[in-house]
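Source file final33.cif; content: mmCIF, C-alpha atoms and all ligand atoms.
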```cif
data_target
loop_
_atom_site.label_atom_id
_atom_site.label_comp_id
_atom_site.auth_asym_id
_atom_site.auth_seq_id
_atom_site.Cartn_x
_atom_site.Cartn_y
_atom_site.Cartn_z
CA MET X 1 106.74 -84.45 206.71
CA SER X 2 110.29 -85.28 205.65
CA PHE X 3 111.83 -86.95 202.60
CA THR X 4 112.21 -90.19 204.56
CA SER X 5 108.45 -90.67 204.49
CA PHE X 6 108.64 -91.25 200.73
CA ASP X 7 109.51 -94.70 199.55
CA LEU X 8 112.96 -93.61 198.35
CA HIS X 9 116.20 -95.60 198.34
CA PRO X 10 118.78 -94.54 200.98
CA ASP X 11 121.20 -93.56 198.18
CA LEU X 12 118.67 -91.03 196.93
CA LEU X 13 117.92 -89.76 200.43
CA ARG X 14 121.67 -89.27 200.92
CA ALA X 15 121.81 -87.12 197.78
CA VAL X 16 118.78 -85.10 198.90
CA ASP X 17 120.54 -84.56 202.20
CA ALA X 18 123.79 -83.58 200.48
CA LEU X 19 121.86 -80.92 198.56
CA GLY X 20 120.69 -79.52 201.90
CA TYR X 21 116.99 -80.21 201.34
CA THR X 22 115.31 -80.87 204.66
CA LEU X 23 111.60 -80.68 203.84
CA PRO X 24 109.93 -81.49 200.54
CA THR X 25 108.29 -78.51 198.84
CA PRO X 26 104.49 -78.71 198.33
CA ILE X 27 104.80 -79.94 194.74
CA GLN X 28 107.31 -82.59 195.82
CA LYS X 29 105.02 -83.69 198.64
CA ASP X 30 102.09 -84.14 196.25
CA ALA X 31 103.78 -85.32 193.04
CA ILE X 32 106.39 -87.79 194.30
CA PRO X 33 104.02 -90.48 195.70
CA PRO X 34 101.82 -90.85 192.58
CA ALA X 35 104.86 -90.59 190.28
CA LEU X 36 106.57 -93.35 192.29
CA ALA X 37 103.44 -95.45 191.89
CA GLY X 38 103.73 -95.10 188.10
CA ARG X 39 100.75 -92.79 187.66
CA ASP X 40 100.55 -89.98 185.14
CA VAL X 41 100.76 -86.55 186.75
CA LEU X 42 99.59 -83.16 185.54
CA ALA X 43 101.12 -80.49 187.76
CA CYS X 44 100.72 -76.78 187.69
CA ALA X 45 103.30 -75.12 189.92
CA MET X 46 105.15 -71.89 189.57
CA THR X 47 108.82 -71.33 188.90
CA GLY X 48 110.97 -72.04 191.93
CA SER X 49 108.63 -74.54 193.52
CA GLY X 50 111.04 -77.48 193.21
CA LYS X 51 109.53 -79.28 190.22
CA THR X 52 112.80 -80.79 189.00
CA ALA X 53 113.36 -83.02 192.02
CA ALA X 54 109.63 -83.80 192.00
CA PHE X 55 110.08 -85.70 188.72
CA ILE X 56 113.76 -86.72 188.89
CA LEU X 57 113.51 -88.52 192.23
CA PRO X 58 110.67 -90.86 191.15
CA ILE X 59 112.46 -91.53 187.84
CA LEU X 60 115.66 -92.47 189.65
CA GLN X 61 113.85 -94.59 192.21
CA ARG X 62 112.09 -96.54 189.47
CA LEU X 63 115.39 -97.08 187.62
CA LEU X 64 117.25 -98.37 190.68
CA GLY X 65 117.81 -102.09 190.56
CA ARG X 66 117.23 -102.20 186.81
CA PRO X 67 120.09 -102.77 184.37
CA THR X 68 121.68 -99.46 183.36
CA GLY X 69 122.68 -98.55 179.81
CA VAL X 70 119.14 -98.39 178.47
CA THR X 71 117.43 -95.04 177.90
CA ARG X 72 114.22 -95.40 179.89
CA ALA X 73 113.39 -91.81 180.81
CA LEU X 74 113.12 -88.73 178.61
CA VAL X 75 112.69 -85.17 179.86
CA LEU X 76 111.78 -82.48 177.32
CA ALA X 77 112.53 -78.85 178.19
CA PRO X 78 112.21 -75.65 176.15
CA THR X 79 115.73 -74.17 176.28
CA ARG X 80 119.34 -75.27 176.29
CA GLU X 81 119.94 -73.66 179.67
CA LEU X 82 117.05 -75.51 181.25
CA ALA X 83 118.06 -78.84 179.75
CA ALA X 84 121.58 -78.34 181.09
CA GLN X 85 120.25 -77.35 184.49
CA ILE X 86 117.90 -80.32 184.78
CA ASP X 87 120.72 -82.64 183.74
CA GLU X 88 122.90 -81.12 186.46
CA HIS X 89 120.13 -81.63 189.01
CA ARG X 90 119.76 -85.24 187.82
CA ARG X 91 123.48 -85.80 188.26
CA ALA X 92 123.40 -84.37 191.80
CA LEU X 93 120.47 -86.56 192.82
CA ALA X 94 121.95 -89.68 191.19
CA ARG X 95 125.47 -89.19 192.50
CA PHE X 96 125.35 -92.17 194.89
CA THR X 97 123.82 -94.46 192.25
CA ARG X 98 125.08 -95.90 188.96
CA ILE X 99 122.32 -94.23 186.95
CA GLY X 100 123.69 -92.06 184.16
CA GLY X 101 122.26 -89.51 181.82
CA ALA X 102 122.97 -86.83 179.27
CA ALA X 103 121.68 -83.50 178.04
CA ILE X 104 120.79 -83.13 174.36
CA PHE X 105 120.52 -79.57 173.05
CA GLY X 106 121.51 -77.47 170.07
CA GLY X 107 124.36 -75.01 169.65
CA VAL X 108 127.02 -77.61 170.47
CA SER X 109 128.41 -80.45 168.35
CA MET X 110 126.41 -83.63 167.80
CA GLY X 111 129.33 -86.03 168.44
CA PRO X 112 129.34 -86.34 172.24
CA GLN X 113 125.53 -86.49 172.21
CA GLU X 114 125.64 -89.32 169.67
CA THR X 115 127.97 -91.14 172.06
CA ALA X 116 125.39 -90.69 174.84
CA PHE X 117 122.75 -92.34 172.63
CA ARG X 118 125.05 -95.21 171.69
CA ARG X 119 126.05 -95.75 175.30
CA GLY X 120 122.40 -95.80 176.36
CA ALA X 121 122.24 -92.88 178.81
CA ASP X 122 119.57 -93.87 181.34
CA VAL X 123 117.95 -90.45 181.58
CA LEU X 124 117.98 -88.06 178.63
CA VAL X 125 117.12 -84.39 179.05
CA ALA X 126 116.53 -82.78 175.69
CA THR X 127 115.25 -79.78 173.80
CA PRO X 128 112.81 -80.94 171.09
CA GLY X 129 114.64 -79.58 168.01
CA ARG X 130 118.02 -81.16 168.65
CA LEU X 131 116.41 -84.39 169.80
CA LEU X 132 114.64 -84.67 166.44
CA ASP X 133 117.95 -84.06 164.64
CA HIS X 134 119.32 -87.15 166.38
CA LEU X 135 116.17 -89.17 165.86
CA SER X 136 116.64 -88.99 162.09
CA ARG X 137 119.80 -91.07 162.54
CA PRO X 138 119.83 -94.84 163.09
CA TYR X 139 121.70 -94.77 166.42
CA ALA X 140 119.03 -92.73 168.21
CA ARG X 141 116.12 -94.79 169.49
CA LEU X 142 113.51 -94.05 172.11
CA ASP X 143 111.68 -97.36 171.96
CA ARG X 144 112.53 -98.34 175.54
CA ILE X 145 111.23 -95.13 177.15
CA GLU X 146 109.13 -95.81 180.23
CA THR X 147 108.70 -92.26 181.53
CA LEU X 148 108.24 -89.05 179.56
CA VAL X 149 108.40 -85.66 181.28
CA LEU X 150 107.33 -82.40 179.66
CA ASP X 151 108.84 -79.64 181.76
CA GLU X 152 107.80 -75.99 181.34
CA ALA X 153 105.11 -77.24 178.98
CA ASP X 154 103.48 -73.81 178.66
CA ARG X 155 106.70 -72.23 177.48
CA MET X 156 107.35 -75.08 175.03
CA LEU X 157 103.99 -74.37 173.46
CA ASP X 158 104.66 -70.61 173.44
CA MET X 159 107.89 -71.34 171.59
CA GLY X 160 106.06 -73.34 168.93
CA PHE X 161 107.34 -76.78 169.93
CA LEU X 162 103.97 -78.54 169.77
CA PRO X 163 104.54 -80.15 166.33
CA ASP X 164 108.00 -81.33 167.43
CA ILE X 165 106.57 -82.75 170.64
CA ARG X 166 103.94 -84.64 168.66
CA ARG X 167 106.59 -86.07 166.33
CA ILE X 168 108.67 -87.21 169.29
CA MET X 169 105.67 -88.81 171.00
CA LYS X 170 105.08 -90.97 167.92
CA LEU X 171 108.53 -92.51 168.42
CA LEU X 172 107.89 -93.51 172.05
CA PRO X 173 106.27 -96.72 173.24
CA ALA X 174 102.54 -96.16 173.68
CA GLN X 175 102.66 -97.78 177.10
CA ARG X 176 104.52 -95.33 179.32
CA GLN X 177 104.25 -92.97 182.25
CA ASN X 178 103.71 -89.27 181.43
CA LEU X 179 104.47 -86.36 183.73
CA LEU X 180 103.53 -82.88 182.59
CA PHE X 181 104.75 -79.81 184.49
CA SER X 182 103.72 -76.30 183.69
CA ALA X 183 103.79 -72.96 185.48
CA THR X 184 100.43 -71.99 184.00
CA MET X 185 97.49 -73.95 182.65
CA PRO X 186 96.16 -72.17 179.56
CA PRO X 187 93.60 -74.04 177.40
CA ALA X 188 96.29 -75.30 175.00
CA ILE X 189 98.05 -77.09 177.86
CA ALA X 190 94.80 -78.57 179.14
CA ALA X 191 94.18 -79.90 175.60
CA LEU X 192 97.68 -81.37 175.35
CA ALA X 193 97.20 -82.97 178.76
CA ARG X 194 93.96 -84.62 177.63
CA GLU X 195 95.70 -85.95 174.55
CA LEU X 196 98.79 -87.17 176.37
CA LEU X 197 97.90 -88.24 179.90
CA ARG X 198 95.97 -91.24 181.14
CA GLN X 199 93.83 -90.69 184.22
CA PRO X 200 96.37 -88.26 185.62
CA VAL X 201 96.68 -87.14 189.19
CA THR X 202 96.06 -83.42 188.79
CA LEU X 203 97.90 -81.00 191.04
CA ASP X 204 97.44 -77.28 191.20
CA ILE X 205 99.94 -76.23 193.77
CA GLU X 206 99.88 -72.49 193.83
CA ARG X 207 97.62 -69.99 192.24
CA PRO X 208 99.30 -69.56 188.88
CA SER X 209 98.67 -65.84 188.92
CA ALA X 210 100.51 -65.00 192.14
CA PRO X 211 104.16 -64.03 192.41
CA ALA X 212 106.51 -65.98 194.67
CA VAL X 213 105.97 -65.51 198.39
CA GLY X 214 108.82 -63.91 200.29
CA VAL X 215 109.58 -61.51 197.46
CA SER X 216 109.21 -57.88 198.29
CA HIS X 217 108.19 -55.89 195.28
CA ALA X 218 108.94 -52.29 194.57
CA ALA X 219 108.49 -50.05 191.58
CA TYR X 220 110.89 -47.15 190.96
CA PRO X 221 109.33 -44.42 188.84
CA VAL X 222 112.11 -42.81 186.81
CA ALA X 223 112.63 -40.98 183.50
CA ALA X 224 113.55 -43.45 180.73
CA GLU X 225 116.99 -41.94 180.18
CA MET X 226 117.81 -42.08 183.93
CA LYS X 227 117.25 -45.83 184.23
CA LEU X 228 120.91 -46.75 183.82
CA PRO X 229 122.24 -44.33 186.49
CA LEU X 230 119.43 -45.39 188.85
CA LEU X 231 120.24 -49.06 188.31
CA VAL X 232 123.93 -48.44 189.03
CA GLU X 233 122.93 -46.77 192.32
CA LEU X 234 120.46 -49.52 193.23
CA LEU X 235 123.15 -52.15 192.64
CA ARG X 236 125.36 -50.29 195.13
CA GLN X 237 122.80 -50.61 197.93
CA PRO X 238 123.63 -52.90 200.83
CA GLY X 239 122.11 -56.37 200.53
CA VAL X 240 122.32 -56.47 196.75
CA ARG X 241 124.62 -59.46 196.35
CA ASN X 242 123.73 -60.18 192.75
CA ALA X 243 120.99 -59.36 190.31
CA LEU X 244 119.30 -60.83 187.29
CA VAL X 245 118.24 -57.85 185.17
CA PHE X 246 115.61 -58.16 182.45
CA THR X 247 115.31 -55.95 179.40
CA ARG X 248 112.66 -55.81 176.72
CA THR X 249 114.95 -56.59 173.77
CA LYS X 250 118.23 -58.30 172.95
CA HIS X 251 119.56 -54.96 171.72
CA ARG X 252 118.79 -53.30 175.05
CA ALA X 253 120.34 -56.25 176.90
CA ASN X 254 123.58 -55.68 174.99
CA ARG X 255 123.59 -51.93 175.50
CA LEU X 256 122.76 -52.24 179.19
CA ALA X 257 125.47 -54.83 179.90
CA GLU X 258 128.00 -52.62 178.08
CA GLY X 259 126.77 -49.54 179.95
CA LEU X 260 127.13 -51.30 183.31
CA VAL X 261 130.66 -52.46 182.53
CA ARG X 262 131.61 -48.88 181.56
CA GLN X 263 130.29 -47.77 184.96
CA GLY X 264 132.51 -50.34 186.68
CA VAL X 265 129.83 -52.94 187.40
CA PRO X 266 130.89 -56.46 186.30
CA ALA X 267 128.02 -57.61 184.10
CA ASP X 268 127.33 -60.10 181.34
CA ARG X 269 124.30 -60.98 179.25
CA ILE X 270 122.37 -63.95 177.88
CA HIS X 271 119.91 -63.90 175.03
CA GLY X 272 119.00 -65.84 171.92
CA ASN X 273 121.55 -64.16 169.67
CA ARG X 274 124.50 -65.31 171.71
CA SER X 275 126.28 -68.57 171.06
CA GLN X 276 125.81 -71.51 173.39
CA ALA X 277 129.41 -71.11 174.61
CA GLN X 278 128.81 -67.44 175.43
CA ARG X 279 125.59 -68.21 177.27
CA THR X 280 127.11 -71.07 179.25
CA GLN X 281 130.11 -68.96 180.20
CA ALA X 282 127.99 -65.97 181.28
CA LEU X 283 125.73 -68.16 183.39
CA ALA X 284 128.69 -69.98 185.00
CA ALA X 285 130.40 -66.69 185.90
CA PHE X 286 127.16 -65.42 187.41
CA LYS X 287 126.56 -68.59 189.41
CA ALA X 288 130.18 -68.56 190.62
CA GLY X 289 129.76 -64.95 191.74
CA THR X 290 132.58 -63.53 189.59
CA CYS X 291 130.00 -61.53 187.66
CA ARG X 292 127.39 -59.93 189.91
CA VAL X 293 124.95 -58.83 187.29
CA LEU X 294 123.42 -60.88 184.50
CA VAL X 295 121.31 -59.07 181.91
CA ALA X 296 118.78 -61.29 180.17
CA THR X 297 115.77 -61.43 177.92
CA ASP X 298 112.76 -63.50 178.97
CA ILE X 299 113.19 -66.52 176.73
CA ALA X 300 116.88 -67.00 177.48
CA ALA X 301 116.35 -66.78 181.22
CA ARG X 302 113.25 -68.93 181.40
CA GLY X 303 113.42 -71.23 184.43
CA ILE X 304 117.05 -70.39 185.11
CA ASP X 305 117.76 -71.12 188.72
CA VAL X 306 120.48 -69.37 190.64
CA THR X 307 120.81 -70.40 194.25
CA GLY X 308 120.95 -67.38 196.49
CA LEU X 309 119.86 -64.89 193.86
CA SER X 310 119.21 -61.76 195.88
CA HIS X 311 117.54 -59.45 193.36
CA VAL X 312 115.55 -59.46 190.19
CA VAL X 313 115.38 -56.15 188.34
CA ASN X 314 112.90 -55.37 185.62
CA PHE X 315 114.86 -52.74 183.76
CA ASP X 316 111.81 -52.46 181.54
CA VAL X 317 108.26 -53.18 182.67
CA PRO X 318 107.44 -56.62 181.24
CA PRO X 319 104.71 -56.57 178.60
CA ALA X 320 102.57 -59.25 180.30
CA ALA X 321 101.73 -60.07 183.91
CA GLU X 322 102.79 -63.65 183.30
CA ASP X 323 106.31 -62.53 182.41
CA TYR X 324 106.43 -60.47 185.58
CA ILE X 325 105.51 -63.49 187.68
CA HIS X 326 108.07 -65.70 185.94
CA ARG X 327 110.80 -63.12 186.29
CA VAL X 328 110.31 -62.40 189.96
CA GLY X 329 109.92 -66.14 190.58
CA ARG X 330 113.71 -66.31 190.20
CA THR X 331 114.25 -64.73 193.58
CA ALA X 332 112.83 -66.03 196.87
CA ARG X 333 113.14 -69.55 195.48
CA ALA X 334 112.50 -72.30 197.96
CA GLU X 335 111.91 -69.96 200.86
CA ALA X 336 114.91 -67.67 200.52
CA VAL X 337 113.98 -64.00 200.66
CA GLY X 338 114.64 -61.80 197.67
CA ASP X 339 113.63 -58.55 196.13
CA ALA X 340 112.05 -57.59 192.85
CA MET X 341 112.64 -54.08 191.60
CA THR X 342 110.89 -52.66 188.58
CA LEU X 343 112.07 -49.47 186.92
CA VAL X 344 109.08 -47.74 185.45
CA SER X 345 109.18 -44.81 183.06
CA PRO X 346 106.11 -42.58 182.70
CA ALA X 347 105.26 -44.34 179.42
CA GLU X 348 105.23 -47.72 181.20
CA GLU X 349 102.88 -46.80 184.06
CA GLY X 350 99.89 -48.23 182.19
CA ASP X 351 101.59 -51.61 181.69
CA LEU X 352 102.54 -51.74 185.35
CA ARG X 353 98.95 -51.05 186.37
CA SER X 354 97.71 -53.95 184.24
CA ILE X 355 100.23 -56.20 185.95
CA GLU X 356 98.99 -55.03 189.34
CA ARG X 357 95.44 -55.82 188.33
CA ALA X 358 96.44 -59.30 187.10
CA VAL X 359 98.41 -60.27 190.21
CA GLY X 360 95.88 -58.62 192.50
CA THR X 361 98.30 -56.50 194.53
CA ARG X 362 99.55 -52.98 194.37
CA ILE X 363 103.29 -52.70 193.90
CA PRO X 364 104.53 -49.88 196.11
CA ARG X 365 106.18 -46.91 194.32
CA VAL X 366 109.45 -46.00 195.96
CA THR X 367 112.20 -43.49 195.37
CA LEU X 368 115.86 -44.05 196.16
CA PRO X 369 116.93 -41.48 198.78
CA GLY X 370 119.83 -39.31 197.64
CA PHE X 371 119.48 -40.15 193.94
CA ASP X 372 119.33 -37.13 191.68
CA TYR X 373 116.26 -37.90 189.61
CA ALA X 374 116.48 -34.55 187.79
CA ALA X 375 120.05 -35.08 186.53
CA ARG X 376 120.81 -35.50 182.83
CA PRO X 377 122.53 -38.79 182.08
CA ALA X 378 126.24 -38.86 181.19
CA GLU X 379 125.54 -41.47 178.53
CA ARG X 380 122.47 -42.63 176.69
CA LEU X 381 121.57 -46.28 176.59
CA GLU X 382 120.05 -46.04 173.16
CA ILE X 383 120.54 -43.39 170.56
CA PRO X 384 117.05 -42.40 169.40
CA LEU X 385 116.17 -43.87 166.01
CA ALA X 386 115.83 -40.43 164.37
CA ASP X 387 119.39 -39.52 165.42
CA ARG X 388 120.72 -42.90 164.23
CA LEU X 389 119.11 -42.40 160.81
CA ALA X 390 120.47 -38.86 160.56
CA ALA X 391 123.97 -40.15 161.38
CA MET X 392 123.64 -42.86 158.71
CA ARG X 393 122.49 -40.30 156.10
CA ALA X 394 125.43 -38.03 156.96
CA GLU X 395 127.80 -40.99 156.63
CA ARG X 396 126.37 -41.85 153.19
CA ARG X 397 126.72 -38.24 152.04
CA ARG X 398 130.35 -38.16 153.11
CA GLY X 399 130.94 -41.36 151.10
CA GLN X 400 129.35 -39.85 148.02
CA ASP X 401 131.38 -36.65 148.40
CA ARG X 402 134.56 -38.72 148.47
CA ARG X 403 133.57 -40.62 145.33
CA TRP X 404 132.82 -37.41 143.46
CA ARG X 405 136.16 -35.92 144.36
CA HIS X 406 138.03 -38.89 142.84
P1 LIG U 1 111.15 -75.18 189.40
O1 LIG U 1 111.52 -76.20 188.35
O2 LIG U 1 109.84 -75.44 190.02
O3 LIG U 1 111.27 -73.79 188.89
P2 LIG U 1 113.59 -76.05 190.66
O4 LIG U 1 113.38 -77.51 190.60
O5 LIG U 1 114.52 -75.46 189.67
O6 LIG U 1 112.19 -75.28 190.59
O7 LIG U 1 114.04 -75.71 192.16
C1 LIG U 1 114.22 -74.39 192.59
C2 LIG U 1 115.31 -74.30 193.64
O8 LIG U 1 114.86 -74.87 194.86
C3 LIG U 1 116.59 -75.05 193.27
O9 LIG U 1 117.69 -74.27 193.69
C4 LIG U 1 116.52 -76.31 194.09
O10 LIG U 1 117.82 -76.79 194.38
C5 LIG U 1 115.80 -75.84 195.32
N1 LIG U 1 115.01 -76.90 195.97
C6 LIG U 1 114.26 -77.84 195.36
N2 LIG U 1 113.67 -78.63 196.26
C7 LIG U 1 114.05 -78.17 197.48
C8 LIG U 1 113.77 -78.58 198.82
N3 LIG U 1 112.97 -79.60 199.09
N4 LIG U 1 114.34 -77.88 199.81
C9 LIG U 1 115.15 -76.82 199.55
N5 LIG U 1 115.47 -76.39 198.31
C10 LIG U 1 114.91 -77.05 197.28
MG MG U 2 111.86 -76.11 186.44
#
```
Mind converting the file's structure to structure tokens?
Ligand code: ADP
Ligand code: MG
Amino acid sequence: MSFTSFDLHPDLLRAVDALGYTLPTPIQKDAIPPALAGRDVLACAMTGSGKTAAFILPILQRLLGRPTGVTRALVLAPTRELAAQIDEHRRALARFTRIGGAAIFGGVSMGPQETAFRRGADVLVATPGRLLDHLSRPYARLDRIETLVLDEADRMLDMGFLPDIRRIMKLLPAQRQNLLFSATMPPAIAALARELLRQPVTLDIERPSAPAVGVSHAAYPVAAEMKLPLLVELLRQPGVRNALVFTRTKHRANRLAEGLVRQGVPADRIHGNRSQAQRTQALAAFKAGTCRVLVATDIAARGIDVTGLSHVVNFDVPPAAEDYIHRVGRTARAEAVGDAMTLVSPAEEGDLRSIERAVGTRIPRVTLPGFDYAARPAERLEIPLADRLAAMRAERRRGQDRRWRH
């Protein structure tokens, strides 16, 4: 089955072709026809399965031949990065049409986004918080919306966006098409779907609890303090073009990126404490290949798509199986082959075993030949808390001594 068997305009097929897509992915095959027919769709499909085009193509098709300059489609997404990425995808698919759009997210100034509202961007892609900021102003109206998409619905709920989503829904016409996409289908999503969707076509594309196919998984047992040297060695292995590296905390993301740079590995980082400009710049450098390693926390990297990503590294074992699946879903996207490496300290073995139970496979334990596992590290990633407190106490004492002497 090819894209030409959908009822899509030649200008859209040309864009699909220009993106190099030859065959629709399973979710595209199943979601595009009912979405084109105006039905509501509830789709559960994992990260990397091609959901964006599955909702953008029907939206564009249904907008073709209608007057432009009226906002008729709204896509809600959980993070700034995702909103920007979906908007980029929309632009690529609409490039041979006159359909416009805009991304609405926080961390940047309101002005250009206000212009997009006033101009009537045909397709808006927005994060809920910033969208509500605009909706309190008279220029922002959503009363002509014909299609609403909730993308990454499970993560939006995890992030506490449900009240915002409800407030936004009240401002939309009651008569509209609803498309809900989620990587997992916990009870809260099923409840939202019942509230929101009308006789939806329900699609469950892949088992939600299985990691991406084509990914080879490996766990590297290593002492906690030897993780940085091991990572540096792993990044030197042939075939490692680039890597998205996850850490447990923002603090560790910072320390790890700094540690890598000191070891001569070009690396940057994205997490919630960085400004939008910093995050955009880091992601752009990574996508352009000027920075081979991007260190991230889960929330910031959610759904981020990097074409040709060769490796995902769990620098820390993720706390939940679901995070593991989402993280490794970044590689082996759309049938490319990638690798997922997890560095596991003795203290993390238990967490890794629960992940193995949840995904139903054993992750092979491997050692890197030639790496000196018994070495003592040249630098520590984190100074233990007790040492940090002792240093702070010593600093305070020195301050007091100085005061007394004066
Ligand atoms: P999801 O939203 O399900 O995580 P995306 O829509 O971000 O997935 O798509 C993942 C990657 O697959 C993107 O790089 C996208 O360009 C690519 N892709 C999407 N559809 C196809 C297709 N039919 N053929 C090849 N690549 C595709
Ligand atoms: Mg997506």
Could you work out how far CA of Leu23 (chain X) lies from CA of Ser2 (chain X), giving the answer in Å with one decimal?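 CA of Leu23 (chain X) lies at a distance of 5.1 Å from CA of Ser2 (chain X).
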Leu294 (chain X) environment, 8 Å, all atoms listed in the file, sequence neighbours closer than 5 positions dropped, as a count of residues only: 11
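Pairwise distance (CA of Pro67 (chain X), CA of Arg119 (chain X)) equals 12.9 Å.
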Using all atoms listed in the file, which residues have at least one atom no more than 12 Å from ligand MG 2 (chain U)? Output them as an NGL selection string. :X and (27 or 43-56 or 75-79 or 81-87 or 89 or 149-155 or 180-183 or 301-306 or 326 or 329-330 or 333)
From the set X:Ala121, X:Leu309, X:Ala102, X:Leu234, which residue has the shortest atom-to-atom contact distance to ligand LIG 1 (chain U), counting only C-alpha atoms and all ligand atoms?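 When distances to ligand LIG 1 (chain U) are compared using only C-alpha atoms and all ligand atoms, the smallest one comes from X:Leu309.
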Using all atoms listed in the file, which residue out of X:Asp122, X:Glu395, X:Glu88, X:Asp316 lies closest to Pro346 (chain X)?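 Checking each of X:Asp122, X:Glu395, X:Glu88, X:Asp316 against Pro346 (chain X), counting all atoms listed in the file, the winner is X:Asp316.
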Using all atoms listed in the file, pick whichever of X:Arg279, X:Gly129, X:Phe246, X:Leu228 has the shortest atom-to-atom distance to Val261 (chain X).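 Using all atoms listed in the file, the shortest distance to Val261 (chain X) belongs to X:Leu228.
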Under the rule that all atoms listed in the file are counted, which of X:Gly264, X:Gly350, X:Gly65, X:Pro200 is the nearest residue to Pro229 (chain X)?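 Checking each of X:Gly264, X:Gly350, X:Gly65, X:Pro200 against Pro229 (chain X), counting all atoms listed in the file, the winner is X:Gly264.
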If we count only C-alpha atoms, what is near Ile59 (chain X) at a cut-off of 10 Å, once residues fewer than 3 positions away on the same chain are taken out, given as a list in words?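 Counting only C-alpha atoms, the residues come to Ile32, Ala35, Leu36, Gly38, Ala53, Ala54, Phe55, Ile56, Arg62, Leu63, Leu64, Arg72, Ala73, Leu74, Arg90, Asp122, Val123, Glu146, Thr147, Leu148 and Val149 of chain X.
Proximity ranking of X:Ala277, X:Tyr220, X:Ala94, X:Gly111 relative to Ala18 (chain X) places X:Ala94 first, based on only C-alpha atoms.
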Within 7 Å of (119.2, -37.7, 184.6), all atoms listed in the file: residues as a list in words?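 Within the cut-off we find Glu225, Met226, Tyr373, Ala374, Ala375, Arg376 and Pro377 of chain X.
Taking CA of Gly101 (chain X) and CA of Thr290 (chain X) as the two end points, the separation is 29.0 Å.
Neighbouring residues of Leu42 (chain X) at 10 Å or closer, counting only C-alpha atoms and skipping chain neighbours under 3 positions away, are Ala31, Arg39, Ala45, Leu150, Asn178, Leu179, Leu180, Phe181, Ser182, Met185, Ile189, Ala190, Ala193, Arg194, Leu197, Arg198, Gln199, Pro200, Val201, Thr202, Leu203 and Asp204 of chain X.
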